[in-house]
>>> print(open('data-v8.pdb').read())   # PDB, C-alpha atoms
MODEL        1
ATOM      1  CA  MET A   1     -26.998 -32.678   5.857
ATOM      2  CA  GLN A   2     -26.819 -30.367   8.827
ATOM      3  CA  PHE A   3     -27.563 -26.644   8.731
ATOM      4  CA  PHE A   4     -25.391 -24.687   6.322
ATOM      5  CA  GLU A   5     -23.356 -23.068   9.132
ATOM      6  CA  ASP A   6     -22.568 -26.449  10.746
ATOM      7  CA  ILE A   7     -21.245 -28.106   7.608
ATOM      8  CA  GLU A   8     -17.447 -28.328   7.526
ATOM      9  CA  ILE A   9     -15.348 -28.378   4.379
ATOM     10  CA  GLY A  10     -13.506 -31.687   4.133
ATOM     11  CA  THR A  11     -16.153 -33.748   5.915
ATOM     12  CA  LEU A  12     -16.193 -37.201   4.340
ATOM     13  CA  THR A  13     -19.380 -39.291   4.587
ATOM     14  CA  ARG A  14     -19.439 -42.984   3.753
ATOM     15  CA  LEU A  15     -22.842 -43.320   2.121
ATOM     16  CA  GLY A  16     -22.737 -47.115   1.910
ATOM     17  CA  SER A  17     -21.974 -49.981  -0.454
ATOM     18  CA  HIS A  18     -24.042 -51.671  -3.118
ATOM     19  CA  ILE A  19     -23.676 -54.969  -4.996
ATOM     20  CA  PHE A  20     -24.781 -54.729  -8.620
ATOM     21  CA  THR A  21     -26.478 -58.027  -9.493
ATOM     22  CA  GLU A  22     -27.157 -59.160 -13.050
ATOM     23  CA  GLU A  23     -30.897 -59.188 -12.330
ATOM     24  CA  GLU A  24     -30.871 -55.595 -11.099
ATOM     25  CA  ILE A  25     -28.625 -54.373 -13.933
ATOM     26  CA  VAL A  26     -31.011 -55.842 -16.519
ATOM     27  CA  ALA A  27     -34.134 -54.552 -14.716
ATOM     28  CA  PHE A  28     -32.774 -50.993 -14.633
ATOM     29  CA  ALA A  29     -31.752 -51.182 -18.299
ATOM     30  CA  ARG A  30     -35.197 -52.432 -19.352
ATOM     31  CA  ALA A  31     -36.797 -49.518 -17.517
ATOM     32  CA  PHE A  32     -34.401 -46.714 -18.398
ATOM     33  CA  ASP A  33     -31.449 -47.553 -20.657
ATOM     34  CA  PRO A  34     -32.320 -50.327 -23.113
ATOM     35  CA  GLN A  35     -28.990 -50.765 -24.877
ATOM     36  CA  PRO A  36     -27.795 -54.292 -25.771
ATOM     37  CA  PHE A  37     -24.735 -54.278 -23.469
ATOM     38  CA  HIS A  38     -26.954 -53.309 -20.487
ATOM     39  CA  LEU A  39     -29.722 -55.826 -21.285
ATOM     40  CA  ASP A  40     -28.101 -59.115 -22.126
ATOM     41  CA  ALA A  41     -24.822 -60.846 -21.242
ATOM     42  CA  ALA A  42     -24.519 -62.538 -24.659
ATOM     43  CA  ALA A  43     -25.160 -59.267 -26.516
ATOM     44  CA  GLY A  44     -22.651 -57.529 -24.233
ATOM     45  CA  ALA A  45     -20.062 -60.213 -24.990
ATOM     46  CA  ARG A  46     -20.238 -59.257 -28.669
ATOM     47  CA  THR A  47     -19.308 -55.632 -27.886
ATOM     48  CA  HIS A  48     -16.002 -54.112 -26.816
ATOM     49  CA  PHE A  49     -17.297 -54.304 -23.210
ATOM     50  CA  GLY A  50     -16.944 -58.110 -23.350
ATOM     51  CA  GLY A  51     -20.085 -58.734 -21.304
ATOM     52  CA  LEU A  52     -22.976 -57.207 -19.434
ATOM     53  CA  ILE A  53     -22.326 -53.815 -17.835
ATOM     54  CA  ALA A  54     -24.558 -51.617 -15.697
ATOM     55  CA  SER A  55     -26.030 -48.446 -17.170
ATOM     56  CA  GLY A  56     -24.084 -45.447 -15.932
ATOM     57  CA  TRP A  57     -27.424 -43.934 -14.956
ATOM     58  CA  HIS A  58     -28.052 -46.983 -12.765
ATOM     59  CA  VAL A  59     -24.825 -46.290 -10.861
ATOM     60  CA  VAL A  60     -25.849 -42.635 -10.478
ATOM     61  CA  ALA A  61     -29.348 -43.626  -9.276
ATOM     62  CA  ILE A  62     -27.873 -45.868  -6.565
ATOM     63  CA  SER A  63     -25.659 -42.947  -5.542
ATOM     64  CA  ALA A  64     -28.790 -40.766  -5.223
ATOM     65  CA  ARG A  65     -30.576 -43.389  -3.125
ATOM     66  CA  LEU A  66     -27.654 -43.868  -0.731
ATOM     67  CA  ARG A  67     -27.319 -40.085  -0.388
ATOM     68  CA  ALA A  68     -31.028 -39.680   0.409
ATOM     69  CA  GLN A  69     -30.845 -42.522   2.946
ATOM     70  CA  ALA A  70     -27.727 -41.088   4.617
ATOM     71  CA  CYS A  71     -29.448 -37.711   4.871
ATOM     72  CA  ALA A  72     -32.562 -39.320   6.400
ATOM     73  CA  ARG A  73     -30.378 -41.098   8.997
ATOM     74  CA  GLU A  74     -28.637 -37.840   9.869
ATOM     75  CA  HIS A  75     -31.973 -36.029  10.243
ATOM     76  CA  GLU A  76     -33.312 -38.866  12.397
ATOM     77  CA  THR A  77     -30.306 -38.429  14.717
ATOM     78  CA  LEU A  78     -30.978 -34.674  14.959
ATOM     79  CA  ARG A  79     -34.636 -35.388  15.801
ATOM     80  CA  ARG A  80     -33.694 -37.929  18.488
ATOM     81  CA  GLU A  81     -31.375 -35.349  20.022
ATOM     82  CA  GLY A  82     -34.179 -32.789  19.999
ATOM     83  CA  ARG A  83     -32.262 -30.541  17.628
ATOM     84  CA  PRO A  84     -33.806 -28.646  14.696
ATOM     85  CA  VAL A  85     -33.700 -30.374  11.324
ATOM     86  CA  PRO A  86     -32.643 -28.289   8.317
ATOM     87  CA  ARG A  87     -34.733 -28.131   5.192
ATOM     88  CA  LEU A  88     -33.012 -29.393   2.080
ATOM     89  CA  GLY A  89     -33.663 -27.391  -1.025
ATOM     90  CA  PRO A  90     -33.531 -28.293  -4.662
ATOM     91  CA  SER A  91     -30.337 -29.332  -6.352
ATOM     92  CA  PRO A  92     -29.621 -26.886  -9.159
ATOM     93  CA  GLY A  93     -27.579 -29.541 -10.945
ATOM     94  CA  PHE A  94     -24.284 -31.342 -11.306
ATOM     95  CA  LYS A  95     -20.949 -30.860 -12.915
ATOM     96  CA  ASN A  96     -18.445 -33.027 -14.688
ATOM     97  CA  LEU A  97     -19.845 -36.470 -14.135
ATOM     98  CA  ARG A  98     -17.382 -39.151 -15.190
ATOM     99  CA  TRP A  99     -17.941 -42.868 -15.614
ATOM    100  CA  LEU A 100     -14.432 -44.186 -15.187
ATOM    101  CA  ARG A 101     -14.774 -47.956 -15.530
ATOM    102  CA  PRO A 102     -17.521 -50.431 -16.394
ATOM    103  CA  VAL A 103     -19.589 -51.880 -13.549
ATOM    104  CA  ARG A 104     -20.225 -55.605 -14.030
ATOM    105  CA  PRO A 105     -22.533 -58.143 -12.330
ATOM    106  CA  GLY A 106     -21.215 -58.933  -8.857
ATOM    107  CA  ASP A 107     -19.241 -55.689  -8.522
ATOM    108  CA  THR A 108     -19.515 -53.990  -5.138
ATOM    109  CA  LEU A 109     -19.183 -50.219  -5.163
ATOM    110  CA  THR A 110     -18.609 -48.063  -2.098
ATOM    111  CA  PHE A 111     -20.054 -44.551  -2.294
ATOM    112  CA  LEU A 112     -18.424 -41.568  -0.574
ATOM    113  CA  SER A 113     -19.427 -37.907  -0.359
ATOM    114  CA  GLU A 114     -16.916 -35.217   0.577
ATOM    115  CA  VAL A 115     -17.810 -31.589   1.265
ATOM    116  CA  THR A 116     -15.550 -29.521  -0.974
ATOM    117  CA  ALA A 117     -17.017 -25.999  -0.781
ATOM    118  CA  LYS A 118     -19.940 -23.942   0.442
ATOM    119  CA  LYS A 119     -21.237 -20.425  -0.115
ATOM    120  CA  PRO A 120     -24.267 -18.390   0.854
ATOM    121  CA  SER A 121     -26.848 -18.097  -1.903
ATOM    122  CA  ALA A 122     -26.688 -14.657  -3.511
ATOM    123  CA  SER A 123     -30.396 -14.570  -4.299
ATOM    124  CA  ARG A 124     -31.945 -16.570  -1.432
ATOM    125  CA  PRO A 125     -30.768 -15.405   1.997
ATOM    126  CA  GLU A 126     -32.339 -18.363   3.819
ATOM    127  CA  TRP A 127     -30.320 -20.874   1.795
ATOM    128  CA  GLY A 128     -26.676 -21.752   1.259
ATOM    129  CA  LEU A 129     -25.108 -23.820  -1.503
ATOM    130  CA  VAL A 130     -23.036 -26.858  -0.518
ATOM    131  CA  PHE A 131     -20.765 -28.584  -3.019
ATOM    132  CA  THR A 132     -19.681 -32.194  -2.615
ATOM    133  CA  ARG A 133     -17.415 -34.559  -4.521
ATOM    134  CA  GLU A 134     -19.330 -37.805  -4.967
ATOM    135  CA  THR A 135     -17.441 -40.994  -5.775
ATOM    136  CA  ALA A 136     -18.081 -44.712  -6.160
ATOM    137  CA  ALA A 137     -15.157 -47.133  -6.027
ATOM    138  CA  VAL A 138     -14.519 -50.861  -6.376
ATOM    139  CA  PRO A 139     -12.794 -52.596  -3.413
ATOM    140  CA  SER A 140      -9.301 -51.894  -4.852
ATOM    141  CA  GLY A 141     -10.127 -48.191  -4.554
ATOM    142  CA  GLU A 142     -10.367 -47.610  -8.294
ATOM    143  CA  LEU A 143     -13.137 -45.136  -9.084
ATOM    144  CA  ALA A 144     -16.116 -46.082 -11.248
ATOM    145  CA  LEU A 145     -18.022 -42.803 -10.815
ATOM    146  CA  GLU A 146     -17.108 -39.251  -9.890
ATOM    147  CA  PHE A 147     -19.086 -36.026 -10.017
ATOM    148  CA  THR A 148     -19.542 -32.681  -8.306
ATOM    149  CA  ASN A 149     -22.867 -32.367  -6.560
ATOM    150  CA  CYS A 150     -24.522 -29.158  -5.433
ATOM    151  CA  VAL A 151     -27.505 -28.690  -3.157
ATOM    152  CA  PHE A 152     -29.323 -25.862  -1.394
ATOM    153  CA  VAL A 153     -29.188 -26.227   2.426
ATOM    154  CA  GLU A 154     -31.126 -24.154   4.933
ATOM    155  CA  ARG A 155     -29.208 -21.510   6.895
ATOM    156  CA  LEU A 156     -29.580 -21.144  10.645
ATOM    157  CA  GLU A 157     -29.411 -17.397  10.295
ATOM    158  CA  GLY A 158     -31.567 -17.257   7.177
TER     159      GLY A 158
ATOM    160  CA  MET X   1     -26.376 -42.449 -34.019
ATOM    161  CA  GLN X   2     -24.812 -42.874 -37.421
ATOM    162  CA  PHE X   3     -21.100 -43.411 -38.063
ATOM    163  CA  PHE X   4     -18.878 -40.635 -36.723
ATOM    164  CA  GLU X   5     -18.137 -39.264 -40.204
ATOM    165  CA  ASP X   6     -21.850 -39.046 -41.117
ATOM    166  CA  ILE X   7     -22.895 -37.084 -38.038
ATOM    167  CA  GLU X   8     -23.465 -33.393 -38.754
ATOM    168  CA  ILE X   9     -23.040 -30.594 -36.236
ATOM    169  CA  GLY X  10     -26.380 -28.920 -35.616
ATOM    170  CA  THR X  11     -28.504 -32.004 -36.227
ATOM    171  CA  LEU X  12     -31.497 -31.828 -33.906
ATOM    172  CA  THR X  13     -33.262 -35.065 -32.951
ATOM    173  CA  ARG X  14     -36.666 -35.088 -31.280
ATOM    174  CA  LEU X  15     -36.287 -38.003 -28.891
ATOM    175  CA  GLY X  16     -39.917 -38.005 -27.799
ATOM    176  CA  SER X  17     -42.271 -36.830 -25.077
ATOM    177  CA  HIS X  18     -43.099 -38.260 -21.699
ATOM    178  CA  ILE X  19     -45.928 -37.613 -19.219
ATOM    179  CA  PHE X  20     -44.778 -37.795 -15.601
ATOM    180  CA  THR X  21     -47.613 -39.386 -13.614
ATOM    181  CA  GLU X  22     -47.841 -39.238  -9.833
ATOM    182  CA  GLU X  23     -47.654 -43.037  -9.673
ATOM    183  CA  GLU X  24     -44.447 -43.144 -11.697
ATOM    184  CA  ILE X  25     -42.859 -40.221  -9.812
ATOM    185  CA  VAL X  26     -43.469 -41.980  -6.497
ATOM    186  CA  ALA X  27     -42.301 -45.374  -7.796
ATOM    187  CA  PHE X  28     -39.011 -43.913  -9.033
ATOM    188  CA  ALA X  29     -38.479 -42.057  -5.760
ATOM    189  CA  ARG X  30     -39.110 -45.200  -3.712
ATOM    190  CA  ALA X  31     -36.534 -47.061  -5.770
ATOM    191  CA  PHE X  32     -33.867 -44.396  -6.158
ATOM    192  CA  ASP X  33     -34.464 -41.044  -4.469
ATOM    193  CA  PRO X  34     -36.524 -41.422  -1.280
ATOM    194  CA  GLN X  35     -36.888 -37.791  -0.249
ATOM    195  CA  PRO X  36     -40.235 -36.574   1.165
ATOM    196  CA  PHE X  37     -41.043 -34.158  -1.682
ATOM    197  CA  HIS X  38     -40.537 -36.980  -4.237
ATOM    198  CA  LEU X  39     -42.526 -39.594  -2.275
ATOM    199  CA  ASP X  40     -45.689 -37.965  -1.051
ATOM    200  CA  ALA X  41     -47.899 -35.067  -2.187
ATOM    201  CA  ALA X  42     -48.803 -34.033   1.381
ATOM    202  CA  ALA X  43     -45.150 -34.079   2.480
ATOM    203  CA  GLY X  44     -44.220 -32.110  -0.637
ATOM    204  CA  ALA X  45     -46.921 -29.535   0.146
ATOM    205  CA  ARG X  46     -45.152 -28.775   3.424
ATOM    206  CA  THR X  47     -41.894 -27.912   1.611
ATOM    207  CA  HIS X  48     -40.999 -24.887  -0.484
ATOM    208  CA  PHE X  49     -41.852 -27.023  -3.553
ATOM    209  CA  GLY X  50     -45.536 -26.812  -2.594
ATOM    210  CA  GLY X  51     -46.314 -30.356  -3.714
ATOM    211  CA  LEU X  52     -44.950 -33.553  -5.205
ATOM    212  CA  ILE X  53     -42.076 -33.144  -7.661
ATOM    213  CA  ALA X  54     -40.206 -35.727  -9.711
ATOM    214  CA  SER X  55     -36.652 -36.653  -8.749
ATOM    215  CA  GLY X  56     -34.200 -34.930 -11.066
ATOM    216  CA  TRP X  57     -32.640 -38.349 -11.635
ATOM    217  CA  HIS X  58     -36.032 -39.604 -12.824
ATOM    218  CA  VAL X  59     -36.095 -36.897 -15.504
ATOM    219  CA  VAL X  60     -32.534 -37.821 -16.494
ATOM    220  CA  ALA X  61     -33.402 -41.547 -16.621
ATOM    221  CA  ILE X  62     -36.328 -40.874 -18.976
ATOM    222  CA  SER X  63     -33.944 -38.847 -21.129
ATOM    223  CA  ALA X  64     -31.577 -41.854 -21.244
ATOM    224  CA  ARG X  65     -34.416 -44.208 -22.212
ATOM    225  CA  LEU X  66     -35.703 -41.983 -25.012
ATOM    226  CA  ARG X  67     -32.149 -41.562 -26.309
ATOM    227  CA  ALA X  68     -31.560 -45.340 -26.335
ATOM    228  CA  GLN X  69     -34.900 -45.904 -28.096
ATOM    229  CA  ALA X  70     -34.188 -43.222 -30.705
ATOM    230  CA  CYS X  71     -30.795 -44.799 -31.368
ATOM    231  CA  ALA X  72     -32.381 -48.251 -31.739
ATOM    232  CA  ARG X  73     -34.893 -46.845 -34.264
ATOM    233  CA  GLU X  74     -32.092 -45.225 -36.248
ATOM    234  CA  HIS X  75     -30.087 -48.462 -36.295
ATOM    235  CA  GLU X  76     -33.191 -50.402 -37.375
ATOM    236  CA  THR X  77     -33.560 -48.027 -40.327
ATOM    237  CA  LEU X  78     -29.913 -48.550 -41.297
ATOM    238  CA  ARG X  79     -30.403 -52.344 -41.122
ATOM    239  CA  ARG X  80     -33.549 -52.198 -43.274
ATOM    240  CA  GLU X  81     -31.638 -50.187 -45.862
ATOM    241  CA  GLY X  82     -28.862 -52.781 -45.820
ATOM    242  CA  ARG X  83     -26.351 -50.256 -44.526
ATOM    243  CA  PRO X  84     -23.709 -50.971 -41.858
ATOM    244  CA  VAL X  85     -24.650 -50.151 -38.262
ATOM    245  CA  PRO X  86     -22.076 -48.288 -36.165
ATOM    246  CA  ARG X  87     -21.021 -49.564 -32.784
ATOM    247  CA  LEU X  88     -21.750 -47.197 -29.899
ATOM    248  CA  GLY X  89     -19.058 -46.978 -27.302
ATOM    249  CA  PRO X  90     -19.150 -46.023 -23.669
ATOM    250  CA  SER X  91     -20.123 -42.566 -22.530
ATOM    251  CA  PRO X  92     -17.213 -41.057 -20.615
ATOM    252  CA  GLY X  93     -19.651 -38.804 -18.750
ATOM    253  CA  PHE X  94     -21.521 -35.542 -19.004
ATOM    254  CA  LYS X  95     -21.057 -31.921 -18.113
ATOM    255  CA  ASN X  96     -23.033 -29.188 -16.441
ATOM    256  CA  LEU X  97     -26.347 -30.854 -15.806
ATOM    257  CA  ARG X  98     -28.968 -28.313 -14.752
ATOM    258  CA  TRP X  99     -32.439 -28.928 -13.352
ATOM    259  CA  LEU X 100     -34.162 -25.680 -14.229
ATOM    260  CA  ARG X 101     -37.694 -26.095 -12.930
ATOM    261  CA  PRO X 102     -39.621 -28.688 -10.889
ATOM    262  CA  VAL X 103     -41.452 -31.443 -12.777
ATOM    263  CA  ARG X 104     -44.896 -32.105 -11.287
ATOM    264  CA  PRO X 105     -47.502 -34.859 -11.781
ATOM    265  CA  GLY X 106     -49.164 -34.463 -15.169
ATOM    266  CA  ASP X 107     -46.296 -32.483 -16.701
ATOM    267  CA  THR X 108     -45.374 -33.499 -20.245
ATOM    268  CA  LEU X 109     -41.743 -32.998 -21.195
ATOM    269  CA  THR X 110     -40.378 -33.084 -24.731
ATOM    270  CA  PHE X 111     -36.788 -34.279 -25.050
ATOM    271  CA  LEU X 112     -34.435 -32.995 -27.744
ATOM    272  CA  SER X 113     -30.826 -33.852 -28.579
ATOM    273  CA  GLU X 114     -28.669 -31.514 -30.674
ATOM    274  CA  VAL X 115     -25.203 -32.390 -31.982
ATOM    275  CA  THR X 116     -22.931 -29.556 -30.869
ATOM    276  CA  ALA X 117     -19.415 -30.869 -31.556
ATOM    277  CA  LYS X 118     -17.398 -33.901 -32.552
ATOM    278  CA  LYS X 119     -13.747 -34.860 -32.598
ATOM    279  CA  PRO X 120     -11.671 -37.947 -33.322
ATOM    280  CA  SER X 121     -10.512 -39.772 -30.194
ATOM    281  CA  ALA X 122      -6.847 -39.068 -29.527
ATOM    282  CA  SER X 123      -6.216 -42.476 -27.979
ATOM    283  CA  ARG X 124      -8.635 -44.738 -29.881
ATOM    284  CA  PRO X 125      -8.377 -44.348 -33.659
ATOM    285  CA  GLU X 126     -11.483 -46.463 -34.349
ATOM    286  CA  TRP X 127     -13.682 -44.141 -32.281
ATOM    287  CA  GLY X 128     -14.797 -40.527 -32.356
ATOM    288  CA  LEU X 129     -16.344 -38.443 -29.602
ATOM    289  CA  VAL X 130     -19.715 -36.805 -30.253
ATOM    290  CA  PHE X 131     -21.066 -34.069 -27.969
ATOM    291  CA  THR X 132     -24.765 -33.297 -27.734
ATOM    292  CA  ARG X 133     -26.867 -30.740 -25.901
ATOM    293  CA  GLU X 134     -29.722 -32.627 -24.278
ATOM    294  CA  THR X 135     -32.829 -30.752 -23.193
ATOM    295  CA  ALA X 136     -36.294 -31.447 -21.813
ATOM    296  CA  ALA X 137     -38.961 -28.744 -22.009
ATOM    297  CA  VAL X 138     -42.569 -28.216 -20.957
ATOM    298  CA  PRO X 139     -45.083 -27.329 -23.729
ATOM    299  CA  SER X 140     -44.438 -23.575 -23.309
ATOM    300  CA  GLY X 141     -40.821 -24.280 -24.284
ATOM    301  CA  GLU X 142     -39.415 -23.574 -20.835
ATOM    302  CA  LEU X 143     -36.549 -25.962 -20.058
ATOM    303  CA  ALA X 144     -36.699 -28.363 -17.123
ATOM    304  CA  LEU X 145     -33.411 -30.168 -17.878
ATOM    305  CA  GLU X 146     -30.277 -29.340 -19.795
ATOM    306  CA  PHE X 147     -26.907 -31.088 -19.993
ATOM    307  CA  THR X 148     -23.996 -31.759 -22.307
ATOM    308  CA  ASN X 149     -23.695 -35.420 -23.175
ATOM    309  CA  CYS X 150     -20.711 -37.158 -24.723
ATOM    310  CA  VAL X 151     -20.450 -40.569 -26.338
ATOM    311  CA  PHE X 152     -17.915 -42.618 -28.290
ATOM    312  CA  VAL X 153     -19.145 -43.439 -31.822
ATOM    313  CA  GLU X 154     -17.470 -45.827 -34.267
ATOM    314  CA  ARG X 155     -15.530 -44.328 -37.167
ATOM    315  CA  LEU X 156     -15.981 -45.587 -40.717
ATOM    316  CA  GLU X 157     -12.267 -45.185 -41.341
ATOM    317  CA  GLY X 158     -11.214 -46.523 -37.952
TER     318      GLY X 158
ENDMDL
END
>>> encode(input="data-v8.pdb", output="structure tokens")
Amino acid sequence: MQFFEDIEIGTLTRLGSHIFTEEEIVAFARAFDPQPFHLDAAAGARTHFGGLIASGWHVVAISARLRAQACAREHETLRREGRPVPRLGPSPGFKNLRWLRPVRPGDTLTFLSEVTAKKPSASRPEWGLVFTRETAAVPSGELALEFTNCVFVERLEG
Amino acid sequence: MQFFEDIEIGTLTRLGSHIFTEEEIVAFARAFDPQPFHLDAAAGARTHFGGLIASGWHVVAISARLRAQACAREHETLRREGRPVPRLGPSPGFKNLRWLRPVRPGDTLTFLSEVTAKKPSASRPEWGLVFTRETAAVPSGELALEFTNCVFVERLEG
């Protein structure tokens, strides 16, 4: 993220791609979402999913990681150019998260982030709120994940 | 979760409590949300957070785990009583997730799930949709996390 004033509506950032392996799907499920269809291919095959699927929270966590890494790269570029680096504030939350199709072992998802709106914070003059539409899609373009993200970003004039 | 027909609006389930240790906060951040204030106490101290705070996705992931474990306990009880066990379907997503206060090392959160609404699925007669209000609170009762969850639950008459 750049400073609030420099962020343009419509900017689309390709956060990166991720391959969901069976090993990783099962490891995440053991740690955070121990349901049969996330833990075991045979148990998944006996459900309407027809096999092992990734926890939706796993897909969201990978989205968070790629977003943090993209932000770190952008800040590193600003530093190299000798420009000031904005502080990133807390995220107040998310809206309307949708899991649109199952993610199975071997699936590659590509994560995008598009700036959809921004507004100065009413209560915190040094911060602005930036809204993004976050998506993850399989190679055909079909979405597996979609949600509206929101984060506080430092203002130049704050 | 019980069968769709047996689920009563207003039912409040105590999913459990969780202590967020510094070690676990950092481990989650390394894996899924590598931002300075989630990774390192000294780096966090230099931000407006004033110290290390847990990734919001970490808090959500613990909520998912406690929910899956509570569901497994409920299904185990049904099995012991010789009663049929409902299938749980996919979650289509959630709404309006809010992180309401930072979670710091040593904080204990208590997670609750309250059934707020249910309706038959329009497109899938064997399933119903159940909506819950999920919360996590510190011992004083102040909320750290709140969101509306939604899950498909098997119908007895499906």
>>> resolve_selection(input="data-v8.pdb", expression="the PyMOL selection byres ((chain X and resi 151) around 12)", output="PDB file with C-alpha atoms, keeping the file's coordinate frame")
ATOM      1  CA  ARG A  98     -17.382 -39.151 -15.190  1.00  0.00           C
ATOM      2  CA  TRP A  99     -17.941 -42.868 -15.614  1.00  0.00           C
TER       3      TRP A  99
ATOM      4  CA  MET X   1     -26.376 -42.449 -34.019  1.00  0.00           C
ATOM      5  CA  PHE X   4     -18.878 -40.635 -36.723  1.00  0.00           C
ATOM      6  CA  ARG X  67     -32.149 -41.562 -26.309  1.00  0.00           C
ATOM      7  CA  ARG X  87     -21.021 -49.564 -32.784  1.00  0.00           C
ATOM      8  CA  LEU X  88     -21.750 -47.197 -29.899  1.00  0.00           C
ATOM      9  CA  GLY X  89     -19.058 -46.978 -27.302  1.00  0.00           C
ATOM     10  CA  PRO X  90     -19.150 -46.023 -23.669  1.00  0.00           C
ATOM     11  CA  SER X  91     -20.123 -42.566 -22.530  1.00  0.00           C
ATOM     12  CA  PRO X  92     -17.213 -41.057 -20.615  1.00  0.00           C
ATOM     13  CA  GLY X  93     -19.651 -38.804 -18.750  1.00  0.00           C
ATOM     14  CA  PHE X  94     -21.521 -35.542 -19.004  1.00  0.00           C
ATOM     15  CA  LYS X  95     -21.057 -31.921 -18.113  1.00  0.00           C
ATOM     16  CA  VAL X 115     -25.203 -32.390 -31.982  1.00  0.00           C
ATOM     17  CA  ALA X 117     -19.415 -30.869 -31.556  1.00  0.00           C
ATOM     18  CA  LYS X 118     -17.398 -33.901 -32.552  1.00  0.00           C
ATOM     19  CA  LYS X 119     -13.747 -34.860 -32.598  1.00  0.00           C
ATOM     20  CA  PRO X 120     -11.671 -37.947 -33.322  1.00  0.00           C
ATOM     21  CA  SER X 121     -10.512 -39.772 -30.194  1.00  0.00           C
ATOM     22  CA  TRP X 127     -13.682 -44.141 -32.281  1.00  0.00           C
ATOM     23  CA  GLY X 128     -14.797 -40.527 -32.356  1.00  0.00           C
ATOM     24  CA  LEU X 129     -16.344 -38.443 -29.602  1.00  0.00           C
ATOM     25  CA  VAL X 130     -19.715 -36.805 -30.253  1.00  0.00           C
ATOM     26  CA  PHE X 131     -21.066 -34.069 -27.969  1.00  0.00           C
ATOM     27  CA  THR X 132     -24.765 -33.297 -27.734  1.00  0.00           C
ATOM     28  CA  ARG X 133     -26.867 -30.740 -25.901  1.00  0.00           C
ATOM     29  CA  THR X 148     -23.996 -31.759 -22.307  1.00  0.00           C
ATOM     30  CA  ASN X 149     -23.695 -35.420 -23.175  1.00  0.00           C
ATOM     31  CA  CYS X 150     -20.711 -37.158 -24.723  1.00  0.00           C
ATOM     32  CA  PHE X 152     -17.915 -42.618 -28.290  1.00  0.00           C
ATOM     33  CA  VAL X 153     -19.145 -43.439 -31.822  1.00  0.00           C
ATOM     34  CA  GLU X 154     -17.470 -45.827 -34.267  1.00  0.00           C
TER      35      GLU X 154
END
>>> resolve_selection(input="data-v8.pdb", expression="the PyMOL selection byres ((chain X and resi 2) around 10)", output="PyMOL selection string")
chain X and resi 1+3-8+71+74-75+78+84-88+153-156
>>> calpha_fit_rmsd(input="data-v8.pdb", fixed="chain A", moving="chain X")
0.0 Å
>>> axis_aligned_box(input="data-v8.pdb", around="segment 48-65 of chain X", padding_each_side="4 Å", output="AutoDock Vina command-line options")
--center_x -38.9 --center_y -34.5 --center_z -11.3 --size_x 22.7 --size_y 27.3 --size_z 29.7
>>> closest_atom_pairs(input="data-v8.pdb", of="segment 44-123 of chain X", to="segment 52-66 of chain A", cutoff="8 Å", atoms="all atoms listed in the file", output="JSON lines")
{"residue": "X:Trp57", "atom": "CA", "partner": "A:Ala61", "partner_atom": "CA", "distance": 6.7}
{"residue": "X:Ala61", "atom": "CA", "partner": "A:Trp57", "partner_atom": "CA", "distance": 6.6}
{"residue": "X:Ala64", "atom": "CA", "partner": "A:Trp57", "partner_atom": "CA", "distance": 7.8}
>>> atom_distance(input="data-v8.pdb", atom1="atom CA of Leu100 of chain X", atom2="atom CA of Glu142 of chain X")
8.7 Å
>>> resolve_selection(input="data-v8.pdb", expression="the PyMOL selection byres ((chain X and resi 134) around 6)", output="PyMOL selection string")
chain X and resi 112-113+133+135+146-147
>>> write_last_selection(input="data-v8.pdb", atoms="C-alpha atoms", output="PDB file, in the coordinates of the input")
ATOM      1  CA  LEU X 112     -34.435 -32.995 -27.744  1.00  0.00           C
ATOM      2  CA  SER X 113     -30.826 -33.852 -28.579  1.00  0.00           C
ATOM      3  CA  ARG X 133     -26.867 -30.740 -25.901  1.00  0.00           C
ATOM      4  CA  THR X 135     -32.829 -30.752 -23.193  1.00  0.00           C
ATOM      5  CA  GLU X 146     -30.277 -29.340 -19.795  1.00  0.00           C
ATOM      6  CA  PHE X 147     -26.907 -31.088 -19.993  1.00  0.00           C
TER       7      PHE X 147
END
